[in-house]
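Data file: upload_34.pdb. Format and content: PDB, C-alpha atoms.
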```pdb
MODEL        1
ATOM      1  CA  MET A   1     242.630 139.983  49.895
ATOM      2  CA  SER A   2     245.333 137.940  48.202
ATOM      3  CA  SER A   3     245.987 138.146  44.470
ATOM      4  CA  ARG A   4     247.691 134.745  44.399
ATOM      5  CA  THR A   5     246.409 131.595  42.708
ATOM      6  CA  GLY A   6     246.495 128.423  44.789
ATOM      7  CA  VAL A   7     247.445 125.034  43.352
ATOM      8  CA  VAL A   8     246.709 121.617  44.823
ATOM      9  CA  TYR A   9     248.653 118.573  43.620
ATOM     10  CA  ASP A  10     249.895 115.459  45.393
ATOM     11  CA  THR A  11     251.838 112.488  44.014
ATOM     12  CA  ARG A  12     249.905 110.158  46.316
ATOM     13  CA  THR A  13     247.113 110.320  43.737
ATOM     14  CA  HIS A  14     249.361 108.355  41.351
ATOM     15  CA  GLY A  15     248.690 105.191  43.351
ATOM     16  CA  HIS A  16     245.229 105.019  41.799
ATOM     17  CA  ARG A  17     246.058 103.485  38.436
ATOM     18  CA  HIS A  18     244.818 100.750  36.117
ATOM     19  CA  HIS A  19     247.055  97.798  35.267
ATOM     20  CA  CYS A  20     246.224  98.292  31.572
ATOM     21  CA  ASP A  21     245.828 101.371  29.394
ATOM     22  CA  HIS A  22     242.986 103.516  30.704
ATOM     23  CA  VAL A  23     241.806 107.039  29.929
ATOM     24  CA  GLU A  24     241.828 107.956  33.640
ATOM     25  CA  THR A  25     245.542 107.676  34.309
ATOM     26  CA  PRO A  26     248.211 109.436  36.430
ATOM     27  CA  LEU A  27     249.732 110.666  33.166
ATOM     28  CA  ARG A  28     246.827 113.089  32.877
ATOM     29  CA  THR A  29     247.738 115.087  35.991
ATOM     30  CA  LYS A  30     251.478 114.612  35.499
ATOM     31  CA  PHE A  31     251.185 116.262  32.076
ATOM     32  CA  ILE A  32     249.266 119.238  33.489
ATOM     33  CA  VAL A  33     251.855 119.779  36.233
ATOM     34  CA  ALA A  34     254.721 119.496  33.717
ATOM     35  CA  GLN A  35     253.093 122.127  31.507
ATOM     36  CA  LEU A  36     252.632 124.512  34.441
ATOM     37  CA  GLU A  37     256.253 124.023  35.516
ATOM     38  CA  ASP A  38     257.731 124.306  32.021
ATOM     39  CA  THR A  39     255.881 127.563  31.338
ATOM     40  CA  GLY A  40     256.799 129.106  34.686
ATOM     41  CA  VAL A  41     253.200 129.293  35.842
ATOM     42  CA  MET A  42     253.649 126.987  38.830
ATOM     43  CA  GLU A  43     256.316 129.148  40.451
ATOM     44  CA  ARG A  44     253.928 132.098  40.428
ATOM     45  CA  CYS A  45     251.298 130.108  42.339
ATOM     46  CA  THR A  46     250.924 129.159  45.998
ATOM     47  CA  ARG A  47     251.001 125.422  46.671
ATOM     48  CA  VAL A  48     248.316 124.250  49.071
ATOM     49  CA  PRO A  49     249.177 120.941  50.775
ATOM     50  CA  CYS A  50     246.796 118.007  50.502
ATOM     51  CA  ARG A  51     245.477 116.014  53.445
ATOM     52  CA  PRO A  52     242.980 113.146  53.565
ATOM     53  CA  ALA A  53     239.352 114.194  53.765
ATOM     54  CA  ARG A  54     237.722 113.154  57.039
ATOM     55  CA  ASP A  55     234.681 110.898  57.263
ATOM     56  CA  GLU A  56     232.476 113.743  58.491
ATOM     57  CA  GLU A  57     233.395 115.781  55.406
ATOM     58  CA  LEU A  58     232.670 112.937  52.992
ATOM     59  CA  LEU A  59     229.371 112.235  54.775
ATOM     60  CA  THR A  60     228.061 115.700  53.899
ATOM     61  CA  VAL A  61     227.424 114.193  50.447
ATOM     62  CA  HIS A  62     227.860 110.414  50.597
ATOM     63  CA  ASN A  63     226.289 107.800  52.850
ATOM     64  CA  GLN A  64     228.212 105.387  55.049
ATOM     65  CA  ALA A  65     227.685 102.486  52.638
ATOM     66  CA  HIS A  66     229.539 104.477  49.952
ATOM     67  CA  LEU A  67     232.488 105.039  52.283
ATOM     68  CA  ASN A  68     232.536 101.344  53.205
ATOM     69  CA  ILE A  69     232.641 100.273  49.545
ATOM     70  CA  VAL A  70     235.730 102.402  48.936
ATOM     71  CA  LYS A  71     237.366 101.566  52.257
ATOM     72  CA  GLN A  72     237.428  97.827  51.568
ATOM     73  CA  THR A  73     239.721  98.362  48.566
ATOM     74  CA  GLU A  74     242.441  99.629  50.921
ATOM     75  CA  THR A  75     242.653  96.339  52.806
ATOM     76  CA  GLY A  76     242.770  94.136  49.734
ATOM     77  CA  GLY A  77     239.050  93.414  49.708
ATOM     78  CA  MET A  78     236.896  93.361  46.600
ATOM     79  CA  SER A  79     237.843  95.894  43.938
ATOM     80  CA  LEU A  80     235.351  98.517  42.835
ATOM     81  CA  THR A  81     235.030  96.645  39.531
ATOM     82  CA  GLN A  82     233.955  93.498  41.403
ATOM     83  CA  THR A  83     231.736  95.226  43.951
ATOM     84  CA  LEU A  84     229.901  97.468  41.491
ATOM     85  CA  GLN A  85     230.058  95.198  38.434
ATOM     86  CA  ASP A  86     231.299  98.246  36.556
ATOM     87  CA  GLN A  87     234.339  98.008  34.275
ATOM     88  CA  ASP A  88     234.820 101.781  34.483
ATOM     89  CA  MET A  89     235.388 101.568  38.236
ATOM     90  CA  TYR A  90     238.855 100.110  38.673
ATOM     91  CA  SER A  91     240.702 100.369  41.993
ATOM     92  CA  THR A  92     243.959  99.513  43.748
ATOM     93  CA  GLN A  93     244.891  99.400  47.427
ATOM     94  CA  GLU A  94     245.973 103.043  46.994
ATOM     95  CA  THR A  95     242.617 104.221  45.598
ATOM     96  CA  GLU A  96     241.138 105.083  49.004
ATOM     97  CA  GLN A  97     244.127 107.249  49.921
ATOM     98  CA  ALA A  98     244.241 108.951  46.518
ATOM     99  CA  ALA A  99     240.542 109.781  46.649
ATOM    100  CA  ARG A 100     240.663 111.153  50.193
ATOM    101  CA  VAL A 101     243.827 113.192  49.589
ATOM    102  CA  SER A 102     242.338 114.720  46.446
ATOM    103  CA  CYS A 103     239.095 115.610  48.156
ATOM    104  CA  GLY A 104     240.802 117.004  51.254
ATOM    105  CA  GLY A 105     243.089 119.169  49.144
ATOM    106  CA  LEU A 106     240.163 120.629  47.228
ATOM    107  CA  ILE A 107     238.261 121.347  50.459
ATOM    108  CA  ASP A 108     241.185 123.325  51.895
ATOM    109  CA  LEU A 109     241.790 125.148  48.615
ATOM    110  CA  THR A 110     238.126 126.147  48.440
ATOM    111  CA  LYS A 111     238.159 127.438  52.020
ATOM    112  CA  LYS A 112     241.249 129.560  51.340
ATOM    113  CA  VAL A 113     239.555 131.154  48.334
ATOM    114  CA  VAL A 114     236.341 131.765  50.276
ATOM    115  CA  ARG A 115     238.294 133.361  53.140
ATOM    116  CA  GLY A 116     240.231 135.651  50.801
ATOM    117  CA  GLU A 117     243.581 133.994  51.518
ATOM    118  CA  LEU A 118     243.814 133.199  47.784
ATOM    119  CA  ALA A 119     242.257 134.929  44.781
ATOM    120  CA  ASN A 120     241.465 131.656  43.035
ATOM    121  CA  GLY A 121     242.804 128.143  42.689
ATOM    122  CA  TYR A 122     243.332 125.062  40.586
ATOM    123  CA  ALA A 123     243.217 121.530  42.015
ATOM    124  CA  ILE A 124     245.074 119.009  39.869
ATOM    125  CA  ILE A 125     243.576 115.929  41.450
ATOM    126  CA  ARG A 126     242.314 112.457  40.692
ATOM    127  CA  PRO A 127     240.274 110.276  40.748
ATOM    128  CA  PRO A 128     237.598 112.656  39.456
ATOM    129  CA  GLY A 129     234.137 112.972  40.974
ATOM    130  CA  HIS A 130     231.296 114.344  38.855
ATOM    131  CA  HIS A 131     229.680 110.945  38.126
ATOM    132  CA  SER A 132     229.847 109.726  41.719
ATOM    133  CA  ASN A 133     226.498 109.860  43.502
ATOM    134  CA  PRO A 134     225.668 109.762  47.234
ATOM    135  CA  ALA A 135     225.368 105.963  47.378
ATOM    136  CA  VAL A 136     228.029 104.523  45.027
ATOM    137  CA  PRO A 137     231.116 105.451  42.974
ATOM    138  CA  SER A 138     230.476 105.568  39.247
ATOM    139  CA  GLY A 139     232.115 106.333  35.892
ATOM    140  CA  PHE A 140     235.801 106.598  36.984
ATOM    141  CA  CYS A 141     234.666 108.733  39.947
ATOM    142  CA  VAL A 142     235.119 107.745  43.607
ATOM    143  CA  TYR A 143     234.082 110.696  45.807
ATOM    144  CA  SER A 144     232.126 113.711  44.567
ATOM    145  CA  ASN A 145     234.988 116.157  45.171
ATOM    146  CA  VAL A 146     233.245 119.308  44.000
ATOM    147  CA  ALA A 147     230.013 118.598  45.837
ATOM    148  CA  ILE A 148     231.897 117.982  49.083
ATOM    149  CA  ALA A 149     233.942 121.166  48.625
ATOM    150  CA  ALA A 150     230.720 123.077  47.977
ATOM    151  CA  ARG A 151     229.280 121.831  51.270
ATOM    152  CA  ALA A 152     232.490 122.868  53.016
ATOM    153  CA  ALA A 153     232.193 126.343  51.485
ATOM    154  CA  GLN A 154     228.637 126.647  52.766
ATOM    155  CA  GLN A 155     229.887 126.104  56.302
ATOM    156  CA  GLU A 156     231.912 129.309  56.029
ATOM    157  CA  PRO A 157     230.380 132.614  57.233
ATOM    158  CA  ASN A 158     228.482 134.603  54.578
ATOM    159  CA  VAL A 159     228.379 131.725  52.084
ATOM    160  CA  LYS A 160     224.754 130.914  51.386
ATOM    161  CA  LYS A 161     224.551 129.819  47.759
ATOM    162  CA  VAL A 162     226.929 127.934  45.503
ATOM    163  CA  LEU A 163     227.141 127.720  41.727
ATOM    164  CA  ILE A 164     228.766 124.626  40.223
ATOM    165  CA  PHE A 165     229.697 124.971  36.556
ATOM    166  CA  ASP A 166     230.733 121.656  34.988
ATOM    167  CA  TRP A 167     231.948 121.342  31.430
ATOM    168  CA  ASP A 168     233.010 117.981  30.104
ATOM    169  CA  VAL A 169     232.348 115.501  27.332
ATOM    170  CA  HIS A 170     229.854 113.764  29.640
ATOM    171  CA  HIS A 171     226.939 114.993  31.724
ATOM    172  CA  GLY A 172     227.906 115.739  35.344
ATOM    173  CA  ASN A 173     225.032 113.588  36.548
ATOM    174  CA  GLY A 174     226.428 112.689  39.962
ATOM    175  CA  THR A 175     226.965 116.286  41.082
ATOM    176  CA  GLU A 176     223.577 117.257  39.693
ATOM    177  CA  TRP A 177     221.931 114.393  41.567
ATOM    178  CA  VAL A 178     223.395 115.548  44.889
ATOM    179  CA  PHE A 179     221.882 119.028  44.614
ATOM    180  CA  TYR A 180     218.855 118.526  42.363
ATOM    181  CA  ASP A 181     216.344 119.392  45.098
ATOM    182  CA  ASP A 182     218.582 121.860  46.951
ATOM    183  CA  PRO A 183     217.772 125.518  46.110
ATOM    184  CA  SER A 184     221.020 126.704  47.728
ATOM    185  CA  VAL A 185     223.189 125.052  45.049
ATOM    186  CA  LEU A 186     222.805 125.560  41.306
ATOM    187  CA  THR A 187     224.513 122.971  39.102
ATOM    188  CA  ILE A 188     225.105 123.646  35.414
ATOM    189  CA  SER A 189     226.389 120.887  33.151
ATOM    190  CA  VAL A 190     227.729 121.630  29.678
ATOM    191  CA  HIS A 191     228.385 118.354  27.902
ATOM    192  CA  GLY A 192     228.313 116.543  24.597
ATOM    193  CA  HIS A 193     226.975 113.190  25.809
ATOM    194  CA  GLY A 194     224.345 112.338  28.387
ATOM    195  CA  SER A 195     220.910 113.593  29.359
ATOM    196  CA  GLY A 196     219.104 115.426  32.111
ATOM    197  CA  SER A 197     215.848 117.257  32.531
ATOM    198  CA  GLY A 198     214.496 120.230  34.384
ATOM    199  CA  HIS A 199     217.424 122.616  34.034
ATOM    200  CA  ARG A 200     216.386 125.465  31.804
ATOM    201  CA  MET A 201     219.796 127.183  31.995
ATOM    202  CA  ARG A 202     221.559 124.123  30.651
ATOM    203  CA  SER A 203     219.078 123.832  27.807
ATOM    204  CA  ALA A 204     219.509 127.483  26.871
ATOM    205  CA  LEU A 205     223.280 127.140  26.768
ATOM    206  CA  ALA A 206     223.054 123.955  24.718
ATOM    207  CA  ARG A 207     221.107 125.846  22.052
ATOM    208  CA  SER A 208     223.674 128.634  22.193
ATOM    209  CA  VAL A 209     226.548 126.182  21.758
ATOM    210  CA  ARG A 210     224.941 124.687  18.675
ATOM    211  CA  GLU A 211     224.715 128.121  17.123
ATOM    212  CA  ARG A 212     228.317 129.267  17.667
ATOM    213  CA  ASP A 213     231.696 128.521  19.174
ATOM    214  CA  GLU A 214     231.501 126.582  22.450
ATOM    215  CA  LEU A 215     234.035 128.703  24.356
ATOM    216  CA  GLU A 216     232.312 131.900  23.259
ATOM    217  CA  ALA A 217     228.989 130.517  24.469
ATOM    218  CA  ARG A 218     230.461 129.519  27.831
ATOM    219  CA  GLU A 219     231.914 132.971  28.389
ATOM    220  CA  GLU A 220     228.642 134.649  27.488
ATOM    221  CA  TYR A 221     226.766 132.404  29.889
ATOM    222  CA  LEU A 222     229.184 133.002  32.755
ATOM    223  CA  THR A 223     229.029 136.737  32.115
ATOM    224  CA  ARG A 224     225.251 136.632  32.492
ATOM    225  CA  LEU A 225     225.617 134.781  35.790
ATOM    226  CA  ARG A 226     228.193 137.236  37.125
ATOM    227  CA  THR A 227     225.947 140.115  36.168
ATOM    228  CA  ALA A 228     222.943 138.548  37.854
ATOM    229  CA  GLN A 229     224.739 137.935  41.146
ATOM    230  CA  SER A 230     228.289 138.426  42.344
ATOM    231  CA  SER A 231     229.567 135.061  43.517
ATOM    232  CA  GLN A 232     232.744 133.309  44.537
ATOM    233  CA  TRP A 233     233.999 130.613  42.203
ATOM    234  CA  SER A 234     235.518 127.209  42.721
ATOM    235  CA  GLY A 235     235.823 124.626  40.004
ATOM    236  CA  SER A 236     235.710 120.980  38.929
ATOM    237  CA  SER A 237     237.320 119.380  35.902
ATOM    238  CA  PRO A 238     236.646 115.721  35.044
ATOM    239  CA  PRO A 239     239.058 113.628  32.942
ATOM    240  CA  ASP A 240     237.421 114.248  29.575
ATOM    241  CA  ALA A 241     237.669 118.033  29.403
ATOM    242  CA  ASP A 242     237.906 121.140  31.567
ATOM    243  CA  GLY A 243     235.559 122.138  34.362
ATOM    244  CA  GLY A 244     234.649 125.035  36.605
ATOM    245  CA  ARG A 245     232.482 125.522  39.621
ATOM    246  CA  PRO A 246     231.673 128.414  42.022
ATOM    247  CA  PRO A 247     230.528 129.076  45.618
ATOM    248  CA  ALA A 248     229.988 132.382  47.634
ATOM    249  CA  PRO A 249     228.183 135.677  47.484
ATOM    250  CA  HIS A 250     230.918 138.173  48.346
ATOM    251  CA  ALA A 251     234.098 137.907  46.245
ATOM    252  CA  ASN A 252     235.089 137.188  42.682
ATOM    253  CA  GLY A 253     237.490 134.263  42.724
ATOM    254  CA  HIS A 254     237.478 130.691  41.504
ATOM    255  CA  ALA A 255     239.055 127.345  42.172
ATOM    256  CA  ALA A 256     239.232 124.713  39.470
ATOM    257  CA  GLU A 257     239.668 120.973  39.771
ATOM    258  CA  ASP A 258     241.180 118.780  37.081
TER
ENDMDL
END
```
As a first step, turn the structure in this file into structure tokens.
Amino acid sequence: MSSRTGVVYDTRTHGHRHHCDHVETPLRTKFIVAQLEDTGVMERCTRVPCRPARDEELLTVHNQAHLNIVKQTETGGMSLTQTLQDQDMYSTQETEQAARVSCGGLIDLTKKVVRGELANGYAIIRPPGHHSNPAVPSGFCVYSNVAIAARAAQQEPNVKKVLIFDWDVHHGNGTEWVFYDDPSVLTISVHGHGSGSGHRMRSALARSVRERDELEAREEYLTRLRTAQSSQWSGSSPPDADGGRPPAPHANGHAAED
């Protein structure tokens, strides 16, 4: 099994950008890459090339109407802002490509971790995905990258259950919605804003966070999960903070998306 960390990054994601100042900007991923290069971390990692996610991969989570909404932006049709009447959902003619390339890169990174070709990984991709639900993009998010990668992981031999650990300023409602009734995928959202019901683990961690340092609480929670069941990790990081997610029952690795 490899001890290398995989990294996914592609400049084609820069084409998704707002014409005015916006919190979800190419500068976010450019800064992360610059930091990794300046500190020498990038050269110690294995770059995993990105490729556009295929329709059949996206359709493991989203419906065809969702794909059609995004596809029309590529041909100069209505923008996501116009179609969805949502000011948070901007788009350009490069948005479709950026979203597919990001998702495809994360899928391949996740598979390499699951197969033991990499120890773990970090996907520096955008647009993000944890607010996107099966039917429509939402809250800066086009495709549900982590959910789609989780489904791809479950198609690998010996991968039965997946754990998705999402920490962000906002509730990862889209990812949670995808798997809410699926016992093979556990989603955990640690957030400062938003709501959600029926997830006792999230509630327990929220109480823990209020009582002491957030990072300490996260580590304690993840330690409990590792102790309960060995699992493979892959991760998701929305634009507001950091994020992590896991999938498989046989190795200890993780892939993170930012």
>> (238.2, 101.3, 45.9) in this file's frame - what residues fall within 9 Å of it? Use only C-alpha atoms and give the answer as a PyMOL selection string.
In response: chain A and resi 16+69-74+77-81+89-96+99+137+142
Can you write out the residues you just picked, keeping C-alpha atoms, as an mmCIF file, in the frame of the given file?
```cif
data_model
loop_
_atom_site.group_PDB
_atom_site.id
_atom_site.type_symbol
_atom_site.label_atom_id
_atom_site.label_comp_id
_atom_site.auth_asym_id
_atom_site.auth_seq_id
_atom_site.Cartn_x
_atom_site.Cartn_y
_atom_site.Cartn_z
ATOM 1 C CA HIS A 16 245.229 105.019 41.799
ATOM 2 C CA ILE A 69 232.641 100.273 49.545
ATOM 3 C CA VAL A 70 235.730 102.402 48.936
ATOM 4 C CA LYS A 71 237.366 101.566 52.257
ATOM 5 C CA GLN A 72 237.428 97.827 51.568
ATOM 6 C CA THR A 73 239.721 98.362 48.566
ATOM 7 C CA GLU A 74 242.441 99.629 50.921
ATOM 8 C CA GLY A 77 239.050 93.414 49.708
ATOM 9 C CA MET A 78 236.896 93.361 46.600
ATOM 10 C CA SER A 79 237.843 95.894 43.938
ATOM 11 C CA LEU A 80 235.351 98.517 42.835
ATOM 12 C CA THR A 81 235.030 96.645 39.531
ATOM 13 C CA MET A 89 235.388 101.568 38.236
ATOM 14 C CA TYR A 90 238.855 100.110 38.673
ATOM 15 C CA SER A 91 240.702 100.369 41.993
ATOM 16 C CA THR A 92 243.959 99.513 43.748
ATOM 17 C CA GLN A 93 244.891 99.400 47.427
ATOM 18 C CA GLU A 94 245.973 103.043 46.994
ATOM 19 C CA THR A 95 242.617 104.221 45.598
ATOM 20 C CA GLU A 96 241.138 105.083 49.004
ATOM 21 C CA ALA A 99 240.542 109.781 46.649
ATOM 22 C CA PRO A 137 231.116 105.451 42.974
ATOM 23 C CA VAL A 142 235.119 107.745 43.607
#
```
> atom CA of Ala53 of chain A and atom CA of Arg100 of chain A are how many Å apart?
Replying inline: 4.9 Å
Using all atoms listed in the file, which protein or nucleic acid residues come within 7 Å of Asn173 of chain A? Drop anything in the same chain fewer than 4 positions from it, and give the result as an mmCIF file with C-alpha atoms, in the coordinates of the input.
```
data_model
loop_
_atom_site.group_PDB
_atom_site.id
_atom_site.type_symbol
_atom_site.label_atom_id
_atom_site.label_comp_id
_atom_site.auth_asym_id
_atom_site.auth_seq_id
_atom_site.Cartn_x
_atom_site.Cartn_y
_atom_site.Cartn_z
ATOM 1 C CA HIS A 130 231.296 114.344 38.855
ATOM 2 C CA HIS A 131 229.680 110.945 38.126
ATOM 3 C CA TRP A 177 221.931 114.393 41.567
#
```
> Any idea what's packed within 7 Å of Thr110 of chain A, counting only C-alpha atoms, ignoring anything in its chain fewer than 2 positions away? Could you give it as a list in words?
Replying inline: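 Once the adjacent positions are removed, what remains is Leu106, Ile107, Asp108, Lys112, Val113, Val114, Ala149, Ala153, Ser234 and Ala255 of chain A.
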> Quick one: which residues end up in the PyMOL selection byres ((chain A and resi 11) around 12) for this structure, as an MDAnalysis selection string?
Replying inline: chainID A and resid 8:10 12:16 26:27 29:30 33 49:51 94 97:99 101:102 124:126
Residues just named, written with C-alpha atoms as a PDB file, in the frame of the given file:
```pdb
ATOM      1  CA  VAL A   8     246.709 121.617  44.823  1.00  0.00           C
ATOM      2  CA  TYR A   9     248.653 118.573  43.620  1.00  0.00           C
ATOM      3  CA  ASP A  10     249.895 115.459  45.393  1.00  0.00           C
ATOM      4  CA  ARG A  12     249.905 110.158  46.316  1.00  0.00           C
ATOM      5  CA  THR A  13     247.113 110.320  43.737  1.00  0.00           C
ATOM      6  CA  HIS A  14     249.361 108.355  41.351  1.00  0.00           C
ATOM      7  CA  GLY A  15     248.690 105.191  43.351  1.00  0.00           C
ATOM      8  CA  HIS A  16     245.229 105.019  41.799  1.00  0.00           C
ATOM      9  CA  PRO A  26     248.211 109.436  36.430  1.00  0.00           C
ATOM     10  CA  LEU A  27     249.732 110.666  33.166  1.00  0.00           C
ATOM     11  CA  THR A  29     247.738 115.087  35.991  1.00  0.00           C
ATOM     12  CA  LYS A  30     251.478 114.612  35.499  1.00  0.00           C
ATOM     13  CA  VAL A  33     251.855 119.779  36.233  1.00  0.00           C
ATOM     14  CA  PRO A  49     249.177 120.941  50.775  1.00  0.00           C
ATOM     15  CA  CYS A  50     246.796 118.007  50.502  1.00  0.00           C
ATOM     16  CA  ARG A  51     245.477 116.014  53.445  1.00  0.00           C
ATOM     17  CA  GLU A  94     245.973 103.043  46.994  1.00  0.00           C
ATOM     18  CA  GLN A  97     244.127 107.249  49.921  1.00  0.00           C
ATOM     19  CA  ALA A  98     244.241 108.951  46.518  1.00  0.00           C
ATOM     20  CA  ALA A  99     240.542 109.781  46.649  1.00  0.00           C
ATOM     21  CA  VAL A 101     243.827 113.192  49.589  1.00  0.00           C
ATOM     22  CA  SER A 102     242.338 114.720  46.446  1.00  0.00           C
ATOM     23  CA  ILE A 124     245.074 119.009  39.869  1.00  0.00           C
ATOM     24  CA  ILE A 125     243.576 115.929  41.450  1.00  0.00           C
ATOM     25  CA  ARG A 126     242.314 112.457  40.692  1.00  0.00           C
TER      26      ARG A 126
END
```
> Between A:Ala119, A:Leu59, A:Ala65, A:Val48, which one has atoms that come closest to Ser3 of chain A, using only C-alpha atoms?
Replying inline: A:Ala119
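Here atom CA of Ile164 of chain A is placed at a distance of 12.5 Å from atom CA of Asp182 of chain A.
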>> One decimal, in Å: what's the spacing between atom CA of Ala150 of chain A and atom CA of His171 of chain A?
In response: 18.5 Å
> Written as a list in words, what is the full residue list that the PyMOL selection byres ((chain A and resi 4) around 8) yields on the file shown?
Replying inline: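 When the PyMOL selection byres ((chain A and resi 4) around 8) is applied, the selected residues are Ser2, Ser3, Thr5, Gly6, Arg44, Cys45, Thr46, Leu118, Ala119 and Asn120 of chain A.
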>> From the options A:Cys103, A:Val41, A:Val190, A:Val23, which residue's atoms come nearest to Gly139 of chain A, counting all atoms listed in the file?
In response: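 Ranked by minimum distance to Gly139 of chain A, first place goes to A:Val23.
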